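> This is the structure I want to talk about, given as structure tokens.
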Amino acid sequence: MRTHAQAVVIGGGLIGCSILYHLAKLGWRDVVLLERDELTSGSTWHAAANIHGLHDSANISRLQHYTMTLYKELEAETGQSCGVFQPGSLYLAQTEDREHQLRLQAAKARLYGMNFAEVSREEAETLHPLVNFDGIRCIMYEPDGGNVDPSGVTQAYATGARQRGAEIHRFTPVTGTEAQPDGSWIVRTPKGDIATPWVINAAGLWGREVAALAGVDLPLMPTEHQYFVTETIPEIAGLERRLPSVADRDGEYYMRQEGKGLLIGAYERAMRFWAETGTPLDFAHDLFPDDLERIEENVMRAMTRVPVAATAGIKRVINGPMIWSPDSNVLLGPVPELRGYFCCNGIIPGFSQSAGMGLMVAQWLVEGEMQYDMFAWDMARFGAWADKAFTKARVENQYAHRFSIHFPNEERAAGRPVRTRPAYETQKAHGAVFGLNYGWEHPLWFSDTPGTRESNGFTRQNWWAPVGAECRMLRDHAGIIDISNFAKYRVTGAGAADWLNAIFANNMPRAVGRSCLTPLIGKRGGIAGDFTVTRLAEDEFWIIGSGMAERYHRRFFNAVPRPETVRFESLTEAICGFNVAGPKSREMLQRLTNVSLATKDFPFMRSQRIDLGGVACVALRVSFTGDLGWELHCAEADQLRLYEVLLEAGKDYGVGPVGSRALMSLRIEKGYGSWGREYSPEYWPQEVGLDRLVKLEKDFLNKAAVAEVLKNPPREHLVLLALDEADVTASNADATGGEPIFKDGIGIGRITSGAYGYCVGQSLALGYVTGAGPGDQVDVMVLGRPHKARILSEPPFDPSGARLRA
């Protein structure tokens, strides 16, 4: 066994072997995989191993498509059968919402060149003559859907990795992972130790235990999961072809052909946890006792849909473990608090995603960054706040609602609240309906009736009209928006400016009291973040960025050595804040402070420490609403007092609380982009209009990469679109993000954000397009159907910025 390696992969299941294969494929040959038992032990060997290409996330769809196409290439390359069956999959919609979801996915498939399209009932009956299609509103067909052999795929990855020089050691448990002073690791095993710069935790059911060896607590929880295989069914045995699988997710089961019978599985509401406090180390190719009564309701729905399923006996029952994250997505990426420790844990649809996952890990290690924005998978989306109670509650919800639709803007209540601010109860009393942002509860909108629950769907919901009232209040008078969930940092000490200039692309403010906007550049030259930086004193800077990306951005701050004289600290928990914006915001706030808020004394993009109604605040004259306004940041202990002072002062001006749903509408009226939607490492500065903020005359993080991409013309452009009012009225729906854009029948882009612009009377959307510009007419596929739209030449609200600078 090697004593040194470029990377050590822990875990010999499907994902670990895929990671090893892709590392070797990208050129790292000195890599080792360690498996405590036999390959496929744990969850891999007993998986149903279904494969499908479409996902609500376009990037996850791309990776699933890559995975499905790789299996046959892997067979040819290695000579190891993957047991690939691709008779296709039929997707059924029983409800209007499911129809909207499938039509939207079909539109995305058309944009990205994937096979997924609607078929008639007659065509579906030809494809699968044993299905009863009564009550089905819409049927989609994916010709490449099917299943693979779990062990065959795993062994193929392993063979391909070995052929490229990688080593695999079975029956070699890892007993320790010890960080070294230089950031490298020693991996301890009974057969010897390996020194490596990278540890990759792909330990599946034992992901928690392996992480704990490095002092890392992963939010994971295992459950039981059952499926069964029937005896031979004559109607299937009599066919000379394999039947497509049936994805009847409204029925909450899955079904496909297995041999000459059927495989039927379910995610039941009465789910069962397993090994809550730790996975047994002696568990390997083990199963749990059968408990088919738990999935009886789901199975009965399956038998109604495919009646021949009820005529066969049960040949085999599989009741085995799966391990879940709080949102059922993988926990992927380097641990931000450690050097050289990478996680890939909590995988559910592994056989649809294994190759894509392995490729993303390999790209990150070998090239420094993935080619796609995969924040939806990034382990940094959770922090220490995602404790065991939260994880268990969310996993229960995810399992029991595995096939439920995740609607746009949907906020699930399980496990909440986790983190609240002092103003939480007062906001609730004012009718706040809350959302979750990196563990924090924050107001989405305010109802006239406290305790209101919002509805969910693809069309306009019960919050649509109240949000409009909030927008109009702010534009006509002013509004008070809780911005406490923004990430906030303070950098102090001699050399603070130099250190920040070495991180950010823009020049840091030179004068005290000035602020700037700046991009953070990724390894490939894209936009890894956007921040507001304020110089409060000669050696004190405040930085404000995306709250959900705080742990993600820590990797970038850690990438630039910080002098001993410079202190960096997060203020997100210690500091709360409100944005007071609107034409009457100055007059309202001036009542509460002796500091002049007149433009000549407090211009746009300036900051001051002020006393506001007896509360010490850092005031920044900026506003994401695009209106006159100030961000007011105070100590957490003072938040409630400041909120009450602002609400009381606002009474005389018709001013009240405003939620983040309204802020979405207001910023889109101005055409403002947002990190995680319009800004991500995938997009170049010149594509999003931020190239003017990249100062190549200085050195900064990833300057060489961005200098190279800035030599190129934009691949696509960020644009603002106005949708046809008749179309959105007819569908009662606005764009929300992800909808494809077509021009003359050709796919040219996709929506990143959408909302109704209540104060301009237009349904608006931001998106990326190629080969189109201002004035062009396009089709936006809202609900998967074409809605006419026009690309705007300027934002419809205050295009000159006069109100912002008033």
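Order determines the names: the first chain of the structure tokens is A, the second B, and so forth; residues in each chain are numbered 1 upward, and ligands are numbered 1 upward as they are shown.
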Residues within 12 Å of range 424-429 of chain A, please, as a count of residues only. Count only C-alpha atoms; anything in the same chain fewer than 4 positions from it doesn't count.

38

> Going by DSSP on the backbone, which residues of range 247-309 of chain A come out as helix (DSSP H, G or I)? List them as a PyMOL selection string.

chain A and resi 249-251+292-305+307-309

> Counting only C-alpha atoms, what is within 8 Å of Gly165 in chain A, bar same-chain residues fewer than 5 positions away, as a PyMOL selection string?

chain A and resi 24+29-31

> Which one of A:Gly526, A:Pro603, A:Pro509, A:Gly439 sits closest to Ala413 in chain A if you count only C-alpha atoms?

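Using only C-alpha atoms, the shortest distance to Ala413 in chain A belongs to A:Gly439.
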
> Going by DSSP on the backbone, which bits of range 587-793 of chain A are strand (DSSP E or B)? Write them as an MDAnalysis selection string, please.

chainID A and resid 606:612 615:620 629:635 656:658 675 679 717:723 740:743 746:757 762:769 777:782 785:791

> Env of range 352-361 of chain A: 10 Å cut, atoms = only C-alpha atoms, seq-sep filter 4 positions within chain, self excluded. Answer as a ChimeraX atom specification.

/A:14-23,25-26,49-54,59-71,145-148,153-154,157,200,330,332-334,342-344,347-348,365-372,374,377

> Using only C-alpha atoms, find each residue of range 344-391 of chain A with at least one atom at most 12 Å away from an atom of range 545-566 of chain A; report its shortest atom-to-atom pair and that distance in Å (one decimal), sort the rows by chain and rising residue number, and return the result as a tab-separated table.


residue	atom	partner	partner_atom	distance
A:Gly368	CA	A:Ala559	CA	11.6
A:Glu369	CA	A:Arg555	CA	11.7
A:Met374	CA	A:Tyr552	CA	11.4
A:Phe375	CA	A:Tyr552	CA	8.5
A:Ala376	CA	A:Ala549	CA	11.0
A:Trp377	CA	A:Tyr552	CA	11.4
A:Asp378	CA	A:Tyr552	CA	7.9
A:Met379	CA	A:Tyr552	CA	8.4
A:Ala380	CA	A:Tyr552	CA	5.1
A:Arg381	CA	A:Met548	CA	6.5
A:Phe382	CA	A:Arg551	CA	8.0
A:Gly383	CA	A:Arg551	CA	7.3
A:Ala384	CA	A:Arg551	CA	10.3
A:Trp385	CA	A:Arg551	CA	12.0

> Rank A:Leu74, A:Val229, A:Ile405, A:Val317 by their smallest atom-to-atom distance to His55 in chain A, using only C-alpha atoms, and report the top residue only.

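Looking only at the distances to His55 in chain A, the closest residue turns out to be A:Ile405.
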
> Quick one: residues within 10 Å of Ala312 in chain A, only C-alpha atoms, excluding same-chain residues fewer than 2 positions away - as a PDB file with N, CA and C atoms, in the first residue's frame?


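Output contents, as saved in out_31.pdb:
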ATOM      1  N   VAL A 229     -39.799  -7.284  -5.330  1.00  0.00           N
ATOM      2  CA  VAL A 229     -39.827  -7.798  -6.700  1.00  0.00           C
ATOM      3  C   VAL A 229     -40.851  -8.921  -6.746  1.00  0.00           C
ATOM      4  N   THR A 230     -41.700  -8.897  -7.738  1.00  0.00           N
ATOM      5  CA  THR A 230     -42.750  -9.913  -7.855  1.00  0.00           C
ATOM      6  C   THR A 230     -42.230 -11.177  -8.543  1.00  0.00           C
ATOM      7  N   GLU A 231     -43.026 -12.210  -8.419  1.00  0.00           N
ATOM      8  CA  GLU A 231     -42.797 -13.421  -9.214  1.00  0.00           C
ATOM      9  C   GLU A 231     -43.049 -13.094 -10.692  1.00  0.00           C
ATOM     10  N   THR A 232     -42.790 -14.056 -11.543  1.00  0.00           N
ATOM     11  CA  THR A 232     -43.034 -13.860 -12.976  1.00  0.00           C
ATOM     12  C   THR A 232     -44.500 -13.534 -13.232  1.00  0.00           C
ATOM     13  N   ILE A 233     -44.716 -12.548 -14.094  1.00  0.00           N
ATOM     14  CA  ILE A 233     -46.066 -12.166 -14.518  1.00  0.00           C
ATOM     15  C   ILE A 233     -46.229 -12.583 -15.981  1.00  0.00           C
ATOM     16  N   PRO A 234     -47.181 -13.469 -16.287  1.00  0.00           N
ATOM     17  CA  PRO A 234     -47.303 -14.001 -17.652  1.00  0.00           C
ATOM     18  C   PRO A 234     -47.396 -12.910 -18.712  1.00  0.00           C
ATOM     19  N   GLY A 261     -40.909  -9.950 -13.964  1.00  0.00           N
ATOM     20  CA  GLY A 261     -41.886  -9.421 -13.024  1.00  0.00           C
ATOM     21  C   GLY A 261     -41.722  -7.917 -12.891  1.00  0.00           C
ATOM     22  N   LEU A 262     -42.168  -7.400 -11.752  1.00  0.00           N
ATOM     23  CA  LEU A 262     -42.111  -5.964 -11.501  1.00  0.00           C
ATOM     24  C   LEU A 262     -41.375  -5.679 -10.199  1.00  0.00           C
ATOM     25  N   VAL A 308     -51.973  -5.866 -13.289  1.00  0.00           N
ATOM     26  CA  VAL A 308     -51.341  -7.189 -13.262  1.00  0.00           C
ATOM     27  C   VAL A 308     -50.395  -7.348 -12.080  1.00  0.00           C
ATOM     28  N   ALA A 309     -49.975  -6.224 -11.481  1.00  0.00           N
ATOM     29  CA  ALA A 309     -49.087  -6.305 -10.316  1.00  0.00           C
ATOM     30  C   ALA A 309     -49.765  -7.023  -9.157  1.00  0.00           C
ATOM     31  N   ALA A 310     -51.105  -6.934  -9.107  1.00  0.00           N
ATOM     32  CA  ALA A 310     -51.851  -7.567  -8.016  1.00  0.00           C
ATOM     33  C   ALA A 310     -52.003  -9.068  -8.215  1.00  0.00           C
ATOM     34  N   ILE A 314     -44.958 -12.323  -4.257  1.00  0.00           N
ATOM     35  CA  ILE A 314     -43.732 -11.563  -3.996  1.00  0.00           C
ATOM     36  C   ILE A 314     -42.541 -12.515  -3.965  1.00  0.00           C
ATOM     37  N   LYS A 315     -41.564 -12.230  -4.769  1.00  0.00           N
ATOM     38  CA  LYS A 315     -40.372 -13.063  -4.892  1.00  0.00           C
ATOM     39  C   LYS A 315     -39.286 -12.662  -3.890  1.00  0.00           C
TER      40      LYS A 315
END

> Between A:Arg272, A:Arg208, A:Lys695, A:Arg524, which is the closest to Trp364 in chain A once you count only C-alpha atoms?

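Of A:Arg272, A:Arg208, A:Lys695, A:Arg524, the one nearest Trp364 in chain A is A:Arg524, counting only C-alpha atoms.
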
> Using only C-alpha atoms, which of A:Ala214, A:Gly626, A:Leu90, A:Phe458 sits nearest Glu125 in chain A?

A:Leu90

> Do you know which residues are at most 8 Å from Gly278 in chain A counting only C-alpha atoms, after dropping those on the same chain fewer than 2 positions away, and could you put them as a list in words?

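Here the qualifying residues turn out to be Trp206, Arg208, Glu209, Ala275, Glu276 and Pro280 of chain A.
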
> For N, CA and C atoms, I'd like the residues from the last selection saved as a PDB file, in the first residue's frame.


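Here's the written file out22.pdb:
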ATOM      1  N   TRP A 206     -21.555   5.461   6.665  1.00  0.00           N
ATOM      2  CA  TRP A 206     -20.608   5.785   7.730  1.00  0.00           C
ATOM      3  C   TRP A 206     -20.004   7.183   7.545  1.00  0.00           C
ATOM      4  N   ARG A 208     -20.993   9.993   8.708  1.00  0.00           N
ATOM      5  CA  ARG A 208     -20.925  10.718   9.985  1.00  0.00           C
ATOM      6  C   ARG A 208     -19.728  10.267  10.804  1.00  0.00           C
ATOM      7  N   GLU A 209     -19.511   8.966  10.861  1.00  0.00           N
ATOM      8  CA  GLU A 209     -18.431   8.430  11.681  1.00  0.00           C
ATOM      9  C   GLU A 209     -17.056   8.818  11.123  1.00  0.00           C
ATOM     10  N   ALA A 275     -30.464   3.758  13.149  1.00  0.00           N
ATOM     11  CA  ALA A 275     -29.101   4.131  13.574  1.00  0.00           C
ATOM     12  C   ALA A 275     -28.968   5.636  13.770  1.00  0.00           C
ATOM     13  N   GLU A 276     -29.887   6.215  14.544  1.00  0.00           N
ATOM     14  CA  GLU A 276     -29.892   7.660  14.718  1.00  0.00           C
ATOM     15  C   GLU A 276     -28.617   8.184  15.365  1.00  0.00           C
ATOM     16  N   PRO A 280     -23.768   1.171  12.852  1.00  0.00           N
ATOM     17  CA  PRO A 280     -22.927   0.090  13.388  1.00  0.00           C
ATOM     18  C   PRO A 280     -21.750  -0.215  12.459  1.00  0.00           C
TER      19      PRO A 280
END

> Show me, as a PyMOL selection string, the residues that have an atom within 6 Å of range 736-743 of chain A when counting only C-alpha atoms, minus same-chain residues fewer than 6 positions from it.

chain A and resi 108+749-754+778-781

> For Ala511 in chain A, which of A:Ala284, A:Val533, A:Leu130, A:Met322 is the closest residue, counting only C-alpha atoms?

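The closest residue to Ala511 in chain A is A:Val533.
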
> A:Asp182, A:Glu538, A:Asp290, A:Glu224: which is nearest Ala47 in chain A, counting only C-alpha atoms?

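When distances to Ala47 in chain A are compared using only C-alpha atoms, the smallest one comes from A:Glu224.
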
> Quick one: distance from CA of Leu792 in chain A to CA of Lys670 in chain A in Å, one decimal?

11.4 Å
